[in-house]
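Colleague: Just one file: protein26.txt, with compact mmCIF, C-alpha atoms.
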```
# COMPACT_ATOMS: atom_id res chain seq x y z
CA MET Y 306 -27.07 82.80 -46.24
CA ILE Y 307 -27.64 79.21 -47.39
CA ILE Y 308 -29.24 79.04 -50.85
CA ASP Y 309 -31.19 76.37 -52.71
CA LEU Y 310 -30.33 76.63 -56.43
CA ARG Y 311 -33.35 74.85 -57.87
CA ASP Y 312 -33.55 73.80 -61.55
CA TYR Y 313 -37.01 72.41 -62.35
CA THR Y 314 -38.22 70.54 -65.40
CA THR Y 315 -41.89 71.23 -66.00
CA ALA Y 316 -44.52 69.38 -67.98
CA PRO Y 317 -44.88 70.72 -71.54
CA GLY Y 318 -46.78 73.99 -71.55
CA MET Y 319 -46.89 74.26 -67.76
CA ARG Y 320 -43.85 76.45 -67.01
CA ASP Y 321 -45.63 79.80 -67.14
CA ARG Y 322 -48.52 78.53 -65.05
CA LEU Y 323 -46.06 77.31 -62.42
CA ILE Y 324 -44.15 80.60 -62.40
CA GLU Y 325 -47.36 82.60 -62.10
CA ARG Y 326 -48.56 80.51 -59.16
CA CYS Y 327 -45.18 80.64 -57.45
CA GLU Y 328 -44.69 84.38 -57.87
CA THR Y 329 -48.20 85.48 -56.97
CA LEU Y 330 -48.86 83.10 -54.09
CA LEU Y 331 -46.35 80.45 -53.00
CA PHE Y 332 -43.17 82.53 -52.90
CA ALA Y 333 -44.84 85.31 -50.91
CA GLU Y 334 -45.76 82.82 -48.21
CA GLN Y 335 -42.22 81.43 -48.11
CA GLU Y 336 -40.88 84.96 -47.71
CA ARG Y 337 -43.37 85.63 -44.92
CA LEU Y 338 -41.85 82.63 -43.16
CA GLY Y 339 -38.33 84.05 -43.52
CA ALA Y 340 -37.02 82.94 -46.94
CA THR Y 341 -35.58 85.32 -49.53
CA LEU Y 342 -36.47 84.64 -53.18
CA LEU Y 343 -33.30 85.84 -54.90
CA GLY Y 344 -33.95 85.06 -58.55
CA THR Y 345 -36.44 83.39 -60.88
CA PHE Y 346 -35.65 82.55 -64.50
CA ARG Y 347 -37.00 80.91 -67.62
CA ASP Y 348 -34.44 78.89 -69.56
CA ALA Y 349 -34.08 80.71 -72.87
CA ASP Y 350 -33.36 77.49 -74.79
CA ASP Y 351 -35.67 74.98 -73.10
CA PRO Y 352 -39.37 75.87 -72.68
CA ASN Y 353 -39.71 73.32 -69.89
CA ARG Y 354 -36.93 74.53 -67.54
CA PHE Y 355 -37.39 76.94 -64.63
CA VAL Y 356 -34.47 78.02 -62.42
CA TRP Y 357 -34.89 79.75 -59.08
CA LEU Y 358 -32.90 80.60 -55.97
CA ARG Y 359 -34.29 80.59 -52.44
CA GLY Y 360 -32.15 81.82 -49.57
CA ALA Y 361 -32.42 81.32 -45.82
CA PRO Y 362 -30.32 82.99 -43.10
CA ASP Y 363 -28.73 79.67 -42.12
CA LEU Y 364 -29.39 75.92 -42.19
CA ALA Y 365 -31.56 75.95 -39.07
CA ALA Y 366 -33.76 78.66 -40.59
CA ARG Y 367 -33.93 76.70 -43.86
CA GLN Y 368 -35.26 73.66 -42.03
CA ARG Y 369 -37.75 75.74 -40.08
CA ILE Y 370 -39.03 77.57 -43.19
CA LEU Y 371 -39.42 74.43 -45.30
CA THR Y 372 -41.12 72.54 -42.49
CA ALA Y 373 -43.50 75.42 -41.86
CA PHE Y 374 -44.35 75.76 -45.54
CA TYR Y 375 -44.34 72.22 -46.95
CA THR Y 376 -45.04 70.02 -43.93
CA ASP Y 377 -47.34 72.18 -41.81
CA GLY Y 378 -48.47 75.00 -44.10
CA GLU Y 379 -52.08 75.26 -45.23
CA MET Y 380 -51.20 77.17 -48.41
CA TRP Y 381 -49.09 74.34 -49.83
CA LYS Y 382 -51.67 71.75 -48.82
CA ALA Y 383 -54.31 73.75 -50.67
CA ASN Y 384 -52.25 74.00 -53.88
CA ARG Y 385 -50.00 70.95 -54.09
CA ASP Y 386 -52.44 68.60 -55.83
CA GLU Y 387 -52.82 71.08 -58.67
CA VAL Y 388 -49.20 72.25 -58.84
CA ASN Y 389 -47.30 68.96 -58.48
CA PRO Y 390 -48.41 67.52 -61.86
CA TRP Y 391 -46.94 70.60 -63.54
CA ILE Y 392 -43.45 69.58 -62.31
CA VAL Y 393 -41.67 66.62 -63.92
CA ASN Y 394 -38.44 66.91 -61.89
CA SER Y 395 -37.75 69.06 -58.83
CA ASP Y 396 -34.68 67.16 -57.58
CA ASN Y 397 -32.04 69.01 -59.62
CA VAL Y 398 -30.98 71.13 -56.65
CA LEU Y 399 -27.69 72.33 -55.17
CA LEU Y 400 -27.01 73.91 -51.79
CA VAL Y 401 -24.76 76.93 -52.35
CA ARG Y 402 -23.43 80.07 -50.67
CA ALA Y 403 -22.40 83.41 -52.16
CA ILE Y 404 -18.66 84.06 -52.20
CA SER Y 405 -18.97 87.52 -53.75
CA ASP Y 406 -21.14 90.57 -53.20
CA TRP Y 407 -24.52 90.67 -54.92
CA ALA Y 408 -24.75 93.21 -57.74
CA PRO Y 409 -27.55 95.80 -57.60
CA ARG Y 410 -30.72 94.93 -59.48
CA SER Y 411 -30.82 96.15 -63.07
CA SER Y 412 -33.85 98.19 -64.04
CA GLY Y 413 -33.70 97.30 -67.73
CA PRO Y 414 -34.34 94.12 -69.71
CA SER Y 415 -31.61 91.54 -69.48
CA VAL Y 416 -30.51 88.01 -70.17
CA VAL Y 417 -28.63 86.15 -67.46
CA GLY Y 418 -25.78 83.79 -68.14
CA LEU Y 419 -25.51 80.87 -65.71
CA TYR Y 420 -22.06 79.26 -65.72
CA THR Y 421 -21.17 76.17 -63.71
CA ARG Y 422 -18.07 74.13 -63.05
CA LEU Y 423 -18.91 71.14 -60.88
CA GLY Y 424 -17.19 67.86 -60.18
CA ARG Y 425 -16.98 64.93 -57.81
CA GLU Y 426 -13.57 65.97 -56.49
CA PRO Y 427 -12.72 69.19 -54.63
CA LEU Y 428 -12.15 71.93 -57.18
CA ALA Y 429 -8.43 72.56 -57.73
CA ALA Y 430 -7.15 76.09 -58.35
CA ALA Y 431 -10.57 77.57 -57.58
CA ASP Y 432 -9.25 81.12 -57.28
CA GLU Y 433 -7.57 80.90 -60.68
CA LEU Y 434 -10.72 79.50 -62.27
CA ARG Y 435 -12.83 82.19 -60.66
CA ARG Y 436 -10.60 84.95 -62.04
CA GLU Y 437 -10.61 83.39 -65.51
CA VAL Y 438 -14.40 83.10 -65.70
CA GLU Y 439 -15.06 86.55 -64.25
CA THR Y 440 -12.54 88.09 -66.68
CA ALA Y 441 -14.31 86.32 -69.57
CA ILE Y 442 -17.69 87.61 -68.39
CA ALA Y 443 -16.41 91.20 -68.39
CA ALA Y 444 -14.77 90.75 -71.81
CA ALA Y 445 -18.09 89.50 -73.20
CA GLY Y 446 -19.85 92.67 -71.99
CA GLY Y 447 -21.45 91.03 -68.98
CA ARG Y 448 -21.99 92.29 -65.46
CA LEU Y 449 -21.16 89.80 -62.72
CA LEU Y 450 -24.24 89.39 -60.52
CA VAL Y 451 -22.90 86.91 -57.99
CA THR Y 452 -20.43 84.06 -57.62
CA LEU Y 453 -21.62 81.02 -55.67
CA ALA Y 454 -19.85 77.98 -54.29
CA THR Y 455 -21.39 74.63 -53.43
CA ASP Y 456 -21.98 74.01 -49.74
CA PRO Y 457 -21.16 70.54 -48.35
CA SER Y 458 -23.75 70.67 -45.56
CA GLU Y 459 -26.09 67.73 -45.18
CA ASN Y 460 -29.61 68.29 -46.46
CA ASN Y 461 -31.64 69.02 -43.33
CA TYR Y 462 -35.00 68.77 -45.11
CA PRO Y 463 -34.72 65.34 -46.78
CA ARG Y 464 -38.28 65.45 -48.14
CA HIS Y 465 -36.71 67.68 -50.82
CA PRO Y 466 -33.72 65.81 -52.32
CA ILE Y 467 -30.59 67.68 -53.38
CA ARG Y 468 -27.56 66.68 -55.46
CA THR Y 469 -24.74 65.49 -53.25
CA GLY Y 470 -21.06 64.68 -53.68
CA GLU Y 471 -20.40 67.58 -56.05
CA SER Y 472 -18.25 70.64 -55.49
CA GLY Y 473 -17.60 73.66 -57.63
CA LEU Y 474 -18.47 77.21 -58.55
CA ILE Y 475 -21.50 78.87 -60.13
CA TRP Y 476 -21.62 82.33 -61.71
CA PHE Y 477 -24.60 84.49 -62.65
CA ALA Y 478 -23.91 87.40 -65.02
CA GLY Y 479 -26.30 89.90 -66.59
CA PHE Y 480 -26.19 91.00 -70.23
CA ASP Y 481 -28.10 93.38 -72.45
CA PRO Y 482 -30.38 91.16 -74.59
CA ASP Y 483 -28.55 92.00 -77.82
CA ARG Y 484 -25.07 91.46 -76.36
CA ILE Y 485 -25.05 88.06 -74.70
CA ARG Y 486 -22.65 85.61 -76.30
CA SER Y 487 -20.67 82.55 -75.35
CA LEU Y 488 -17.65 83.03 -73.11
CA GLY Y 489 -15.76 80.53 -75.25
CA LEU Y 490 -14.52 78.63 -72.19
CA SER Y 491 -14.68 74.84 -72.41
CA LEU Y 492 -14.17 74.61 -68.65
CA VAL Y 493 -17.69 75.84 -67.78
CA GLU Y 494 -21.21 74.83 -68.72
CA GLU Y 495 -23.22 77.77 -70.04
CA ARG Y 496 -26.96 78.47 -69.80
CA ARG Y 497 -29.02 81.45 -71.01
CA LEU Y 498 -31.75 82.52 -68.62
CA LEU Y 499 -34.50 85.12 -68.92
CA PRO Y 500 -35.32 86.80 -65.59
CA THR Y 501 -39.00 86.87 -64.76
CA GLU Y 502 -40.54 90.26 -64.14
CA ARG Y 503 -40.27 89.81 -60.37
CA SER Y 504 -36.75 88.40 -60.27
CA ARG Y 505 -34.44 90.28 -57.91
CA LEU Y 506 -31.39 88.95 -59.75
CA ARG Y 507 -31.21 90.30 -63.29
```
Please express what this file holds, its structure, as structure tokens.
Modeller:
Amino acid sequence: MIIDLRDYTTAPGMRDRLIERCETLLFAEQERLGATLLGTFRDADDPNRFVWLRGAPDLAARQRILTAFYTDGEMWKANRDEVNPWIVNSDNVLLVRAISDWAPRSSGPSVVGLYTRLGREPLAAADELRREVETAIAAAGGRLLVTLATDPSENNYPRHPIRTGESGLIWFAGFDPDRIRSLGLSLVEERRLLPTERSRLR
């Protein structure tokens, strides 16, 4: 599965409106076309950030789904003029693939830690780094949800820009709300995310 890891900045006060529209209307249509909406999150520390993951079976399917939804689809045409002003930046996007199994969905409330290590050069000692981060997640009381790696494939839907020239690893880990804490690792960037009610990843 090829995955768009999308990190949006919304206009002040518009994040919840965007999430509601996406989850009740726009995402369902993308899934009907063959996408899988893997996770949707509010940034716990920035009221104007919205992170979500959309998967497709492969790159060809990704191109077909995005073309059918954004270029040819009537639903997006009917909503884009209202929705687009709610989004300040939609270009903070990485193409990634899972390099671990996906953990089962938690039924209880949770906070998700998002940890990234990205750079312009190929990541050295990736296996060692992966073990170190995943050990730190477990020591902090977290449950590894998935480990992702950047995918070097060319963006085959250029109407939606993605970040290029970066390589690295991304981890999602779930925590009980009263237990999440920093991993204490300077080698990764940490984010706290709150899964939306409909998020599969939590």
Colleague: Contacts between region 434-444 of chain Y and region 336-425 of chain Y, please, where a residue of region 336-425 of chain Y counts if it comes within 10 Å (with all atoms listed in the file); show its shortest atom pair and distance in Å to one decimal, rows by chain and ascending number, as a tab-separated table.
Modeller:
```
residue	atom	partner	partner_atom	distance
Y:Gly418	CA	Y:Ile442	CA	9.0
Y:Tyr420	CA	Y:Val438	CA	8.6
Y:Thr421	CA	Y:Val438	CA	9.9
Y:Arg422	CA	Y:Leu434	CA	9.1
```
Colleague: Here is a test: counting only C-alpha atoms, which residue of Y:Ser504, Y:Thr372, Y:Thr452, Y:Asn389 is nearest to Ser405 (chain Y)?
Modeller: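 Closest to Ser405 (chain Y) of all the choices is Y:Thr452.
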Colleague: CA of Leu449 (chain Y) and CA of Ile475 (chain Y) are how many Å apart?
Modeller: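 Here the two named atoms are 11.2 Å from each other.
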Colleague: Ranking Y:Met306, Y:Leu419, Y:Ala478, Y:Ala454 by minimum distance to Glu495 (chain Y) and counting all atoms listed in the file, which one comes first?
Modeller: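 Of the candidates, the smallest distance to Glu495 (chain Y) is held by Y:Leu419.
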Colleague: Could you state the separation of CA of Leu450 (chain Y) and CA of Arg497 (chain Y) in Å, given to one decimal place?
Modeller: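 According to the coordinates, CA of Leu450 (chain Y) and CA of Arg497 (chain Y) are separated by 14.0 Å.
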Colleague: May I ask for the distance between CA of Thr501 (chain Y) and CA of Trp391 (chain Y), given in Å to one decimal place?
Modeller: 18.1 Å
Colleague: Hey, which of Y:Ser395, Y:Asp348, Y:Pro409, Y:Asp312 ends up closest to Arg505 (chain Y)? Count only C-alpha atoms.
Modeller: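 Closest candidate: Y:Pro409.
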